[in-house]
$ cat run09.cif   # mmCIF, C-alpha atoms; chains and numbers go by the auth columns
data_upload
#
loop_
_atom_site.group_PDB
_atom_site.id
_atom_site.type_symbol
_atom_site.label_atom_id
_atom_site.label_comp_id
_atom_site.label_asym_id
_atom_site.label_seq_id
_atom_site.Cartn_x
_atom_site.Cartn_y
_atom_site.Cartn_z
_atom_site.B_iso_or_equiv
_atom_site.auth_seq_id
_atom_site.auth_asym_id
ATOM 1 C CA VAL A 1 124.739 94.778 75.845 0.00 1 A
ATOM 2 C CA PRO A 2 122.723 97.322 73.822 0.00 2 A
ATOM 3 C CA ASP A 3 124.181 100.816 73.495 0.00 3 A
ATOM 4 C CA THR A 4 122.833 103.206 76.093 0.00 4 A
ATOM 5 C CA LYS A 5 122.212 105.838 73.389 0.00 5 A
ATOM 6 C CA ILE A 6 120.000 103.353 71.535 0.00 6 A
ATOM 7 C CA MET A 7 118.070 102.501 74.710 0.00 7 A
ATOM 8 C CA LYS A 8 117.475 106.176 75.413 0.00 8 A
ATOM 9 C CA ALA A 9 116.407 106.885 71.826 0.00 9 A
ATOM 10 C CA LYS A 10 113.898 104.019 72.052 0.00 10 A
ATOM 11 C CA MET A 11 112.444 105.424 75.264 0.00 11 A
ATOM 12 C CA LEU A 12 111.988 108.840 73.680 0.00 12 A
ATOM 13 C CA ALA A 13 110.420 107.162 70.614 0.00 13 A
ATOM 14 C CA TYR A 14 108.053 105.419 73.040 0.00 14 A
ATOM 15 C CA LEU A 15 106.840 108.744 74.448 0.00 15 A
ATOM 16 C CA ASP A 16 106.479 110.213 70.965 0.00 16 A
ATOM 17 C CA ALA A 17 104.517 107.209 69.663 0.00 17 A
ATOM 18 C CA PHE A 18 102.187 107.347 72.655 0.00 18 A
ATOM 19 C CA ASN A 19 101.512 111.037 72.133 0.00 19 A
ATOM 20 C CA ALA A 20 100.991 110.356 68.393 0.00 20 A
ATOM 21 C CA ARG A 21 98.247 107.857 69.492 0.00 21 A
ATOM 22 C CA ASP A 22 100.044 105.027 67.652 0.00 22 A
ATOM 23 C CA ALA A 23 99.694 101.827 69.713 0.00 23 A
ATOM 24 C CA GLU A 24 101.145 99.659 66.937 0.00 24 A
ATOM 25 C CA ALA A 25 104.291 101.801 66.758 0.00 25 A
ATOM 26 C CA ILE A 26 104.750 101.372 70.512 0.00 26 A
ATOM 27 C CA ALA A 27 104.150 97.608 70.348 0.00 27 A
ATOM 28 C CA ASN A 28 106.765 97.396 67.583 0.00 28 A
ATOM 29 C CA LEU A 29 109.375 98.856 69.944 0.00 29 A
ATOM 30 C CA TYR A 30 108.929 95.669 71.994 0.00 30 A
ATOM 31 C CA ALA A 31 110.420 92.234 71.309 0.00 31 A
ATOM 32 C CA ALA A 32 107.814 89.649 70.225 0.00 32 A
ATOM 33 C CA ASN A 33 108.045 87.812 73.571 0.00 33 A
ATOM 34 C CA ALA A 34 108.354 90.893 75.788 0.00 34 A
ATOM 35 C CA THR A 35 106.616 91.405 79.120 0.00 35 A
ATOM 36 C CA LEU A 36 104.872 94.458 80.537 0.00 36 A
ATOM 37 C CA GLU A 37 104.012 95.159 84.206 0.00 37 A
ATOM 38 C CA ASP A 38 102.079 98.417 84.560 0.00 38 A
ATOM 39 C CA PRO A 39 101.798 99.246 87.391 0.00 39 A
ATOM 40 C CA VAL A 40 104.473 97.228 89.192 0.00 40 A
ATOM 41 C CA GLY A 41 102.506 94.728 91.310 0.00 41 A
ATOM 42 C CA SER A 42 99.834 94.072 88.658 0.00 42 A
ATOM 43 C CA GLU A 43 99.480 91.022 86.431 0.00 43 A
ATOM 44 C CA LEU A 44 102.210 90.598 83.832 0.00 44 A
ATOM 45 C CA LYS A 45 101.220 90.994 80.157 0.00 45 A
ATOM 46 C CA HIS A 46 103.069 88.699 77.752 0.00 46 A
ATOM 47 C CA GLY A 47 103.772 89.188 74.061 0.00 47 A
ATOM 48 C CA ARG A 48 103.393 91.949 71.522 0.00 48 A
ATOM 49 C CA GLU A 49 99.649 91.427 70.934 0.00 49 A
ATOM 50 C CA ALA A 50 98.736 91.762 74.612 0.00 50 A
ATOM 51 C CA ILE A 51 101.073 94.745 74.779 0.00 51 A
ATOM 52 C CA ALA A 52 99.448 96.434 71.769 0.00 52 A
ATOM 53 C CA ALA A 53 96.007 95.923 73.357 0.00 53 A
ATOM 54 C CA PHE A 54 97.250 97.545 76.555 0.00 54 A
ATOM 55 C CA TYR A 55 98.418 100.640 74.652 0.00 55 A
ATOM 56 C CA ARG A 56 95.267 100.855 72.510 0.00 56 A
ATOM 57 C CA TYR A 57 93.327 101.087 75.765 0.00 57 A
ATOM 58 C CA ALA A 58 95.743 103.537 77.400 0.00 58 A
ATOM 59 C CA ILE A 59 95.785 105.786 74.348 0.00 59 A
ATOM 60 C CA GLN A 60 91.990 105.938 73.967 0.00 60 A
ATOM 61 C CA THR A 61 91.756 107.372 77.501 0.00 61 A
ATOM 62 C CA GLY A 62 93.236 110.526 75.973 0.00 62 A
ATOM 63 C CA ALA A 63 96.307 110.498 78.209 0.00 63 A
ATOM 64 C CA THR A 64 99.523 112.224 77.124 0.00 64 A
ATOM 65 C CA LEU A 65 103.063 111.692 78.436 0.00 65 A
ATOM 66 C CA LYS A 66 105.773 114.226 79.248 0.00 66 A
ATOM 67 C CA LEU A 67 109.319 113.495 80.377 0.00 67 A
ATOM 68 C CA ALA A 68 109.963 114.801 83.920 0.00 68 A
ATOM 69 C CA ALA A 69 113.786 114.444 83.867 0.00 69 A
ATOM 70 C CA PRO A 70 116.330 113.163 81.309 0.00 70 A
ATOM 71 C CA VAL A 71 116.236 109.415 80.558 0.00 71 A
ATOM 72 C CA ARG A 72 118.824 107.404 82.523 0.00 72 A
ATOM 73 C CA GLY A 73 120.841 104.553 80.964 0.00 73 A
ATOM 74 C CA SER A 74 122.859 101.870 82.738 0.00 74 A
ATOM 75 C CA HIS A 75 126.019 99.822 82.394 0.00 75 A
ATOM 76 C CA GLY A 76 123.796 96.822 81.622 0.00 76 A
ATOM 77 C CA ASN A 77 120.773 96.231 79.407 0.00 77 A
ATOM 78 C CA SER A 78 118.464 98.568 81.309 0.00 78 A
ATOM 79 C CA ALA A 79 117.318 102.171 81.255 0.00 79 A
ATOM 80 C CA ALA A 80 114.732 104.191 83.145 0.00 80 A
ATOM 81 C CA MET A 81 112.789 107.426 82.787 0.00 81 A
ATOM 82 C CA ALA A 82 110.561 109.572 84.983 0.00 82 A
ATOM 83 C CA PHE A 83 107.553 111.101 83.262 0.00 83 A
ATOM 84 C CA ASP A 84 104.197 112.699 84.034 0.00 84 A
ATOM 85 C CA VAL A 85 100.939 111.492 82.527 0.00 85 A
ATOM 86 C CA ALA A 86 98.255 114.119 81.822 0.00 86 A
ATOM 87 C CA ALA A 87 95.049 112.119 82.340 0.00 87 A
ATOM 88 C CA GLY A 88 91.328 112.623 82.836 0.00 88 A
ATOM 89 C CA GLY A 89 91.147 115.260 80.134 0.00 89 A
ATOM 90 C CA GLY A 90 93.981 117.180 81.750 0.00 90 A
ATOM 91 C CA THR A 91 92.348 117.233 85.205 0.00 91 A
ATOM 92 C CA MET A 92 94.977 115.029 86.810 0.00 92 A
ATOM 93 C CA THR A 93 98.662 114.168 86.687 0.00 93 A
ATOM 94 C CA ILE A 94 100.015 110.650 87.261 0.00 94 A
ATOM 95 C CA ARG A 95 103.708 110.536 88.124 0.00 95 A
ATOM 96 C CA VAL A 96 105.414 107.419 86.718 0.00 96 A
ATOM 97 C CA ILE A 97 108.890 105.916 86.385 0.00 97 A
ATOM 98 C CA ASP A 98 109.334 103.245 83.694 0.00 98 A
ATOM 99 C CA GLY A 99 112.217 100.783 83.967 0.00 99 A
ATOM 100 C CA MET A 100 112.925 98.864 80.756 0.00 100 A
ATOM 101 C CA THR A 101 115.298 96.121 79.609 0.00 101 A
ATOM 102 C CA PHE A 102 116.503 95.725 76.021 0.00 102 A
ATOM 103 C CA ASN A 103 117.938 92.998 73.812 0.00 103 A
ATOM 104 C CA GLU A 104 120.966 93.277 71.532 0.00 104 A
ATOM 105 C CA GLY A 105 118.723 94.457 68.703 0.00 105 A
ATOM 106 C CA GLY A 106 117.517 97.401 70.764 0.00 106 A
ATOM 107 C CA GLU A 107 114.025 95.946 71.293 0.00 107 A
ATOM 108 C CA ILE A 108 112.313 96.360 74.682 0.00 108 A
ATOM 109 C CA THR A 109 112.213 92.968 76.429 0.00 109 A
ATOM 110 C CA SER A 110 110.457 94.135 79.594 0.00 110 A
ATOM 111 C CA MET A 111 108.822 97.228 80.952 0.00 111 A
ATOM 112 C CA ARG A 112 107.865 97.908 84.586 0.00 112 A
ATOM 113 C CA ALA A 113 105.949 101.072 85.496 0.00 113 A
ATOM 114 C CA TYR A 114 106.341 102.403 89.026 0.00 114 A
ATOM 115 C CA TRP A 115 103.272 104.364 90.122 0.00 115 A
ATOM 116 C CA GLY A 116 100.650 104.035 92.813 0.00 116 A
ATOM 117 C CA LEU A 117 97.364 105.610 93.861 0.00 117 A
ATOM 118 C CA ASP A 118 99.107 108.431 95.683 0.00 118 A
ATOM 119 C CA ASP A 119 101.046 109.333 92.519 0.00 119 A
ATOM 120 C CA ILE A 120 97.795 110.617 91.045 0.00 120 A
ATOM 121 C CA GLU A 121 97.016 114.202 91.868 0.00 121 A
ATOM 122 C CA PRO A 122 94.486 116.755 90.648 0.00 122 A
ATOM 123 C CA VAL A 123 95.816 119.581 88.496 0.00 123 A
ATOM 124 C CA LYS A 124 95.466 122.805 90.466 0.00 124 A
ATOM 125 C CA VAL B 1 102.678 94.940 100.763 0.00 4 B
ATOM 126 C CA PRO B 2 104.343 97.932 102.452 0.00 5 B
ATOM 127 C CA ASP B 3 102.462 101.227 102.388 0.00 6 B
ATOM 128 C CA THR B 4 103.529 103.437 99.485 0.00 7 B
ATOM 129 C CA LYS B 5 103.795 106.432 101.839 0.00 8 B
ATOM 130 C CA ILE B 6 106.278 104.497 103.976 0.00 9 B
ATOM 131 C CA MET B 7 108.329 103.516 100.905 0.00 10 B
ATOM 132 C CA LYS B 8 108.463 107.129 99.762 0.00 11 B
ATOM 133 C CA ALA B 9 109.414 108.388 103.224 0.00 12 B
ATOM 134 C CA LYS B 10 112.257 105.859 103.322 0.00 13 B
ATOM 135 C CA MET B 11 113.559 107.020 99.958 0.00 14 B
ATOM 136 C CA LEU B 12 113.567 110.637 101.117 0.00 15 B
ATOM 137 C CA ALA B 13 115.311 109.548 104.347 0.00 16 B
ATOM 138 C CA TYR B 14 117.890 107.828 102.138 0.00 17 B
ATOM 139 C CA LEU B 15 118.700 111.083 100.322 0.00 18 B
ATOM 140 C CA ASP B 16 118.834 113.007 103.605 0.00 19 B
ATOM 141 C CA ALA B 17 121.139 110.450 105.252 0.00 20 B
ATOM 142 C CA PHE B 18 123.466 110.508 102.239 0.00 21 B
ATOM 143 C CA ASN B 19 123.667 114.299 102.308 0.00 22 B
ATOM 144 C CA ALA B 20 124.238 114.145 106.087 0.00 23 B
ATOM 145 C CA ARG B 21 127.289 111.895 105.299 0.00 24 B
ATOM 146 C CA ASP B 22 125.837 109.094 107.479 0.00 25 B
ATOM 147 C CA ALA B 23 126.599 105.727 105.830 0.00 26 B
ATOM 148 C CA GLU B 24 125.397 103.761 108.861 0.00 27 B
ATOM 149 C CA ALA B 25 122.009 105.489 108.779 0.00 28 B
ATOM 150 C CA ILE B 26 121.652 104.561 105.102 0.00 29 B
ATOM 151 C CA ALA B 27 122.708 100.958 105.734 0.00 30 B
ATOM 152 C CA ASN B 28 120.129 100.754 108.521 0.00 31 B
ATOM 153 C CA LEU B 29 117.372 101.585 106.018 0.00 32 B
ATOM 154 C CA TYR B 30 118.218 98.242 104.362 0.00 33 B
ATOM 155 C CA ALA B 31 117.164 94.750 105.481 0.00 34 B
ATOM 156 C CA ALA B 32 120.063 92.657 106.847 0.00 35 B
ATOM 157 C CA ASN B 33 120.093 90.420 103.746 0.00 36 B
ATOM 158 C CA ALA B 34 119.419 93.154 101.171 0.00 37 B
ATOM 159 C CA THR B 35 121.104 93.458 97.781 0.00 38 B
ATOM 160 C CA LEU B 36 122.471 96.517 95.996 0.00 39 B
ATOM 161 C CA GLU B 37 123.266 96.865 92.265 0.00 40 B
ATOM 162 C CA ASP B 38 124.784 100.272 91.488 0.00 41 B
ATOM 163 C CA PRO B 39 124.974 100.780 88.575 0.00 42 B
ATOM 164 C CA VAL B 40 122.596 98.231 87.049 0.00 43 B
ATOM 165 C CA GLY B 41 124.872 95.759 85.254 0.00 44 B
ATOM 166 C CA SER B 42 127.575 95.768 87.943 0.00 45 B
ATOM 167 C CA GLU B 43 128.271 93.074 90.516 0.00 46 B
ATOM 168 C CA LEU B 44 125.606 92.646 93.188 0.00 47 B
ATOM 169 C CA LYS B 45 126.519 93.586 96.772 0.00 48 B
ATOM 170 C CA HIS B 46 124.940 91.408 99.455 0.00 49 B
ATOM 171 C CA GLY B 47 124.156 92.241 103.074 0.00 50 B
ATOM 172 C CA ARG B 48 124.175 95.322 105.253 0.00 51 B
ATOM 173 C CA GLU B 49 127.942 95.356 105.886 0.00 52 B
ATOM 174 C CA ALA B 50 128.852 95.351 102.180 0.00 53 B
ATOM 175 C CA ILE B 51 126.161 97.972 101.665 0.00 54 B
ATOM 176 C CA ALA B 52 127.534 100.206 104.434 0.00 55 B
ATOM 177 C CA ALA B 53 131.028 99.935 102.911 0.00 56 B
ATOM 178 C CA PHE B 54 129.615 101.011 99.535 0.00 57 B
ATOM 179 C CA TYR B 55 128.047 104.136 101.047 0.00 58 B
ATOM 180 C CA ARG B 56 131.131 104.994 103.126 0.00 59 B
ATOM 181 C CA TYR B 57 133.058 105.087 99.860 0.00 60 B
ATOM 182 C CA ALA B 58 130.370 106.997 97.956 0.00 61 B
ATOM 183 C CA ILE B 59 130.020 109.583 100.717 0.00 62 B
ATOM 184 C CA GLN B 60 133.750 110.238 101.048 0.00 63 B
ATOM 185 C CA THR B 61 133.846 111.259 97.360 0.00 64 B
ATOM 186 C CA GLY B 62 131.963 114.366 98.505 0.00 65 B
ATOM 187 C CA ALA B 63 128.943 113.681 96.298 0.00 66 B
ATOM 188 C CA THR B 64 125.528 115.102 97.197 0.00 67 B
ATOM 189 C CA LEU B 65 122.097 113.962 95.983 0.00 68 B
ATOM 190 C CA LYS B 66 119.097 116.028 94.880 0.00 69 B
ATOM 191 C CA LEU B 67 115.681 114.720 93.880 0.00 70 B
ATOM 192 C CA ALA B 68 114.897 115.493 90.206 0.00 71 B
ATOM 193 C CA ALA B 69 111.162 114.678 90.319 0.00 72 B
ATOM 194 C CA PRO B 70 108.778 113.422 93.041 0.00 73 B
ATOM 195 C CA VAL B 71 109.338 109.830 94.249 0.00 74 B
ATOM 196 C CA ARG B 72 107.025 107.285 92.564 0.00 75 B
ATOM 197 C CA GLY B 73 105.359 104.415 94.478 0.00 76 B
ATOM 198 C CA SER B 74 103.709 101.321 93.064 0.00 77 B
ATOM 199 C CA HIS B 75 100.834 98.951 93.686 0.00 78 B
ATOM 200 C CA GLY B 76 103.411 96.358 94.788 0.00 79 B
ATOM 201 C CA ASN B 77 106.459 96.424 97.058 0.00 80 B
ATOM 202 C CA SER B 78 108.497 98.779 94.835 0.00 81 B
ATOM 203 C CA ALA B 79 109.165 102.460 94.439 0.00 82 B
ATOM 204 C CA ALA B 80 111.507 104.553 92.295 0.00 83 B
ATOM 205 C CA MET B 81 113.020 108.017 92.247 0.00 84 B
ATOM 206 C CA ALA B 82 114.969 110.144 89.787 0.00 85 B
ATOM 207 C CA PHE B 83 117.756 112.246 91.286 0.00 86 B
ATOM 208 C CA ASP B 84 120.883 114.145 90.308 0.00 87 B
ATOM 209 C CA VAL B 85 124.260 113.545 91.914 0.00 88 B
ATOM 210 C CA ALA B 86 126.563 116.541 92.274 0.00 89 B
ATOM 211 C CA ALA B 87 130.007 114.929 91.979 0.00 90 B
ATOM 212 C CA GLY B 88 133.643 115.838 91.398 0.00 91 B
ATOM 213 C CA GLY B 89 133.464 118.780 93.763 0.00 92 B
ATOM 214 C CA GLY B 90 130.430 120.130 91.927 0.00 93 B
ATOM 215 C CA THR B 91 132.071 119.953 88.488 0.00 94 B
ATOM 216 C CA MET B 92 129.747 117.255 87.187 0.00 95 B
ATOM 217 C CA THR B 93 126.212 115.955 87.442 0.00 96 B
ATOM 218 C CA ILE B 94 125.325 112.248 87.313 0.00 97 B
ATOM 219 C CA ARG B 95 121.669 111.576 86.493 0.00 98 B
ATOM 220 C CA VAL B 96 120.363 108.462 88.285 0.00 99 B
ATOM 221 C CA ILE B 97 117.101 106.586 88.833 0.00 100 B
ATOM 222 C CA ASP B 98 116.976 104.224 91.826 0.00 101 B
ATOM 223 C CA GLY B 99 114.422 101.420 91.882 0.00 102 B
ATOM 224 C CA MET B 100 113.927 99.824 95.306 0.00 103 B
ATOM 225 C CA THR B 101 111.912 96.974 96.806 0.00 104 B
ATOM 226 C CA PHE B 102 110.744 96.870 100.424 0.00 105 B
ATOM 227 C CA ASN B 103 109.636 94.273 102.967 0.00 106 B
ATOM 228 C CA GLU B 104 106.568 94.460 105.236 0.00 107 B
ATOM 229 C CA GLY B 105 108.636 96.227 107.872 0.00 108 B
ATOM 230 C CA GLY B 106 109.483 99.028 105.449 0.00 109 B
ATOM 231 C CA GLU B 107 113.131 97.979 105.062 0.00 110 B
ATOM 232 C CA ILE B 108 114.814 98.172 101.650 0.00 111 B
ATOM 233 C CA THR B 109 115.346 94.630 100.326 0.00 112 B
ATOM 234 C CA SER B 110 116.966 95.610 97.021 0.00 113 B
ATOM 235 C CA MET B 111 118.224 98.714 95.264 0.00 114 B
ATOM 236 C CA ARG B 112 119.107 99.043 91.575 0.00 115 B
ATOM 237 C CA ALA B 113 120.617 102.290 90.266 0.00 116 B
ATOM 238 C CA TYR B 114 120.090 103.125 86.599 0.00 117 B
ATOM 239 C CA TRP B 115 122.887 105.300 85.255 0.00 118 B
ATOM 240 C CA GLY B 116 125.564 104.983 82.606 0.00 119 B
ATOM 241 C CA LEU B 117 128.615 106.809 81.348 0.00 120 B
ATOM 242 C CA ASP B 118 126.548 109.160 79.224 0.00 121 B
ATOM 243 C CA ASP B 119 124.496 110.188 82.251 0.00 122 B
ATOM 244 C CA ILE B 120 127.549 112.035 83.547 0.00 123 B
ATOM 245 C CA GLU B 121 127.869 115.568 82.284 0.00 124 B
ATOM 246 C CA PRO B 122 130.032 118.543 83.166 0.00 125 B
ATOM 247 C CA VAL B 123 128.355 121.423 84.975 0.00 126 B
ATOM 248 C CA LYS B 124 128.288 124.405 82.645 0.00 127 B
#
$ encode --input "run09.cif" --output "C-alpha cells"
Amino acid sequence: VPDTKIMKAKMLAYLDAFNARDAEAIANLYAANATLEDPVGSELKHGREAIAAFYRYAIQTGATLKLAAPVRGSHGNSAAMAFDVAAGGGTMTIRVIDGMTFNEGGEITSMRAYWGLDDIEPVK
Amino acid sequence: VPDTKIMKAKMLAYLDAFNARDAEAIANLYAANATLEDPVGSELKHGREAIAAFYRYAIQTGATLKLAAPVRGSHGNSAAMAFDVAAGGGTMTIRVIDGMTFNEGGEITSMRAYWGLDDIEPVK
C-alpha cells in the first residue's frame, strides 16, 4: 500500500502541473497502463498517451484548478480531493471531486472525476 | 441513470440523518443489498442490517458531520462529497470524502469513504 503522504503529495503535484500548463508532467504522474474516467460515466481512457492527450486538451481551454478542501487519504491505495475548476475564461466554476488509486511506486493507476452538468455554475 | 439532483439530495439527507442520530433513516437510504467500505481499504460491509449496525456504532461515538464543499454529481450513477467529522467530543476533526453509487430508484448501492490516519487532526 502506498503511503498516504505520498498519495496526497502526488495529488497536489497534479494540481500544480495543471496550473503550470504542463500536460506531460501530469501524464508522468500516471502509471503507463493507467485509466482515466472524467467525468464518471464517460468512456474510459487507457494508457499514458491517451491521458496526456486528454490533459493537453483540458489545459488549452485555459481552465485552472483550486483545491476546495484538504486532500483525503485512505487506509488503502486510494485518495480523493475536492477542487473547483475556473473555466470559460473565469466566467464559470465547475465543482469536481477526483478519486485516484495508486501503485506501490506512487504512480496514479486510475482517476475518476465526479462532476455533472449541475456542478457548473456561472461566476456571479 | 438516477438524476444528479436526486443523488445530491440523498447525500444531504444522509448528513442530516447522521446528525439527527437516526441510524435507521440512514440505512433506509441504502438499497437492501448495498455495500459499504469505510474507510477505503477496510473490509466491505454487505446489506442494510450490517450497514445499520455500522451507523448505530458511529452515531453513538457522538460524532457530527459537516459538509466541507458542495456535493458533486456525475454523468453516471455516482456522486461524491467532502465533509468534516467532529469527533472525540469535538477535540478532533476527521476529513472525509464519500463516493457513492445509486440505483434508478435513488437508493445508495455502494459507499466508499476516503480517509486515513493523517486525515485526523486535533482541533486547535
$ calpha_fit_and_write --input "run09.cif" --fixed "chain B" --moving "chain A" --output "CSV table (one decimal) with C-alpha atoms, in the frame of the given file"
chain,number,residue,atom,x,y,z
A,1,VAL,CA,102.7,94.9,100.8
A,2,PRO,CA,104.3,97.9,102.5
A,3,ASP,CA,102.5,101.2,102.4
A,4,THR,CA,103.5,103.4,99.5
A,5,LYS,CA,103.8,106.4,101.8
A,6,ILE,CA,106.3,104.5,104.0
A,7,MET,CA,108.3,103.5,100.9
A,8,LYS,CA,108.5,107.1,99.8
A,9,ALA,CA,109.4,108.4,103.2
A,10,LYS,CA,112.3,105.8,103.3
A,11,MET,CA,113.5,107.0,100.0
A,12,LEU,CA,113.6,110.6,101.1
A,13,ALA,CA,115.3,109.5,104.3
A,14,TYR,CA,117.9,107.8,102.1
A,15,LEU,CA,118.7,111.1,100.3
A,16,ASP,CA,118.8,113.0,103.6
A,17,ALA,CA,121.1,110.4,105.2
A,18,PHE,CA,123.5,110.5,102.2
A,19,ASN,CA,123.7,114.3,102.3
A,20,ALA,CA,124.2,114.1,106.1
A,21,ARG,CA,127.3,111.9,105.3
A,22,ASP,CA,125.8,109.1,107.5
A,23,ALA,CA,126.6,105.7,105.8
A,24,GLU,CA,125.4,103.8,108.8
A,25,ALA,CA,122.0,105.5,108.8
A,26,ILE,CA,121.6,104.6,105.1
A,27,ALA,CA,122.7,101.0,105.7
A,28,ASN,CA,120.1,100.8,108.5
A,29,LEU,CA,117.4,101.6,106.0
A,30,TYR,CA,118.2,98.2,104.4
A,31,ALA,CA,117.2,94.8,105.5
A,32,ALA,CA,120.1,92.7,106.8
A,33,ASN,CA,120.1,90.4,103.8
A,34,ALA,CA,119.4,93.2,101.2
A,35,THR,CA,121.1,93.5,97.8
A,36,LEU,CA,122.5,96.5,96.0
A,37,GLU,CA,123.3,96.9,92.3
A,38,ASP,CA,124.8,100.3,91.5
A,39,PRO,CA,125.0,100.8,88.6
A,40,VAL,CA,122.6,98.2,87.1
A,41,GLY,CA,124.9,95.8,85.3
A,42,SER,CA,127.6,95.8,88.0
A,43,GLU,CA,128.3,93.1,90.5
A,44,LEU,CA,125.6,92.7,93.2
A,45,LYS,CA,126.5,93.6,96.8
A,46,HIS,CA,125.0,91.4,99.5
A,47,GLY,CA,124.2,92.3,103.1
A,48,ARG,CA,124.2,95.3,105.2
A,49,GLU,CA,128.0,95.4,105.9
A,50,ALA,CA,128.8,95.4,102.2
A,51,ILE,CA,126.2,98.0,101.7
A,52,ALA,CA,127.5,100.2,104.4
A,53,ALA,CA,131.0,99.9,102.9
A,54,PHE,CA,129.6,101.0,99.5
A,55,TYR,CA,128.1,104.1,101.0
A,56,ARG,CA,131.1,105.0,103.1
A,57,TYR,CA,133.1,105.1,99.8
A,58,ALA,CA,130.4,107.0,97.9
A,59,ILE,CA,130.0,109.6,100.7
A,60,GLN,CA,133.8,110.2,101.0
A,61,THR,CA,133.8,111.2,97.3
A,62,GLY,CA,132.0,114.4,98.5
A,63,ALA,CA,128.9,113.7,96.3
A,64,THR,CA,125.5,115.1,97.2
A,65,LEU,CA,122.1,114.0,96.0
A,66,LYS,CA,119.1,116.0,94.9
A,67,LEU,CA,115.7,114.7,93.9
A,68,ALA,CA,114.9,115.5,90.2
A,69,ALA,CA,111.2,114.7,90.3
A,70,PRO,CA,108.8,113.4,93.0
A,71,VAL,CA,109.3,109.8,94.2
A,72,ARG,CA,107.0,107.3,92.6
A,73,GLY,CA,105.4,104.4,94.5
A,74,SER,CA,103.7,101.3,93.1
A,75,HIS,CA,100.8,98.9,93.7
A,76,GLY,CA,103.4,96.4,94.8
A,77,ASN,CA,106.5,96.4,97.0
A,78,SER,CA,108.5,98.8,94.8
A,79,ALA,CA,109.2,102.5,94.4
A,80,ALA,CA,111.5,104.6,92.3
A,81,MET,CA,113.0,108.0,92.3
A,82,ALA,CA,115.0,110.2,89.8
A,83,PHE,CA,117.7,112.2,91.3
A,84,ASP,CA,120.9,114.1,90.3
A,85,VAL,CA,124.3,113.5,91.9
A,86,ALA,CA,126.6,116.6,92.3
A,87,ALA,CA,130.0,114.9,92.0
A,88,GLY,CA,133.7,115.8,91.4
A,89,GLY,CA,133.5,118.8,93.8
A,90,GLY,CA,130.4,120.1,91.9
A,91,THR,CA,132.1,119.9,88.5
A,92,MET,CA,129.8,117.2,87.2
A,93,THR,CA,126.2,116.0,87.5
A,94,ILE,CA,125.3,112.3,87.3
A,95,ARG,CA,121.7,111.6,86.5
A,96,VAL,CA,120.4,108.5,88.3
A,97,ILE,CA,117.1,106.6,88.8
A,98,ASP,CA,117.0,104.2,91.8
A,99,GLY,CA,114.4,101.4,91.9
A,100,MET,CA,113.9,99.8,95.3
A,101,THR,CA,111.9,97.0,96.8
A,102,PHE,CA,110.7,96.9,100.4
A,103,ASN,CA,109.6,94.3,103.0
A,104,GLU,CA,106.6,94.4,105.2
A,105,GLY,CA,108.6,96.2,107.9
A,106,GLY,CA,109.5,99.0,105.4
A,107,GLU,CA,113.1,98.0,105.1
A,108,ILE,CA,114.8,98.2,101.6
A,109,THR,CA,115.3,94.6,100.3
A,110,SER,CA,117.0,95.6,97.0
A,111,MET,CA,118.2,98.7,95.3
A,112,ARG,CA,119.1,99.1,91.6
A,113,ALA,CA,120.6,102.3,90.3
A,114,TYR,CA,120.1,103.1,86.6
A,115,TRP,CA,122.9,105.3,85.3
A,116,GLY,CA,125.6,105.0,82.6
A,117,LEU,CA,128.6,106.8,81.4
A,118,ASP,CA,126.6,109.2,79.2
A,119,ASP,CA,124.5,110.2,82.3
A,120,ILE,CA,127.5,112.0,83.6
A,121,GLU,CA,127.9,115.6,82.3
A,122,PRO,CA,130.1,118.5,83.2
A,123,VAL,CA,128.4,121.4,85.0
A,124,LYS,CA,128.3,124.4,82.6
$ closest_residue --input "run09.cif" --among "A:Ala23, A:Met100, A:Ala17, A:Val40" --to "chain B" --atoms "all atoms listed in the file"
A:Val40
$ resolve_selection --input "run09.cif" --expression "the PyMOL selection byres ((chain A) within 6 of (chain B))" --output "ChimeraX atom specification"
/A:40-41,72-76,114-116
$ residues_around --input "run09.cif" --residues "B:Val88" --least-positions-apart "6" --cutoff "6 Å" --atoms "only C-alpha atoms" --output "count of residues only"
4
$ closest_residue --input "run09.cif" --among "B:Met10, B:Ser113, B:Lys69, B:Glu124" --to "B:Ala35" --atoms "only C-alpha atoms"
B:Ser113
$ closest_residue --input "run09.cif" --among "B:Thr64, B:Phe105, B:Glu52, B:Ala37" --to "B:Arg24" --atoms "all atoms listed in the file"
B:Thr64
$ atom_distance --input "run09.cif" --atom1 "atom CA of B:His49" --atom2 "atom CA of A:Met111"
25.2 Å
$ atom_distance --input "run09.cif" --atom1 "atom CA of B:Glu110" --atom2 "atom CA of B:Tyr33"
5.1 Å
$ atom_distance --input "run09.cif" --atom1 "atom CA of B:Leu39" --atom2 "atom CA of B:Lys11"
18.0 Å
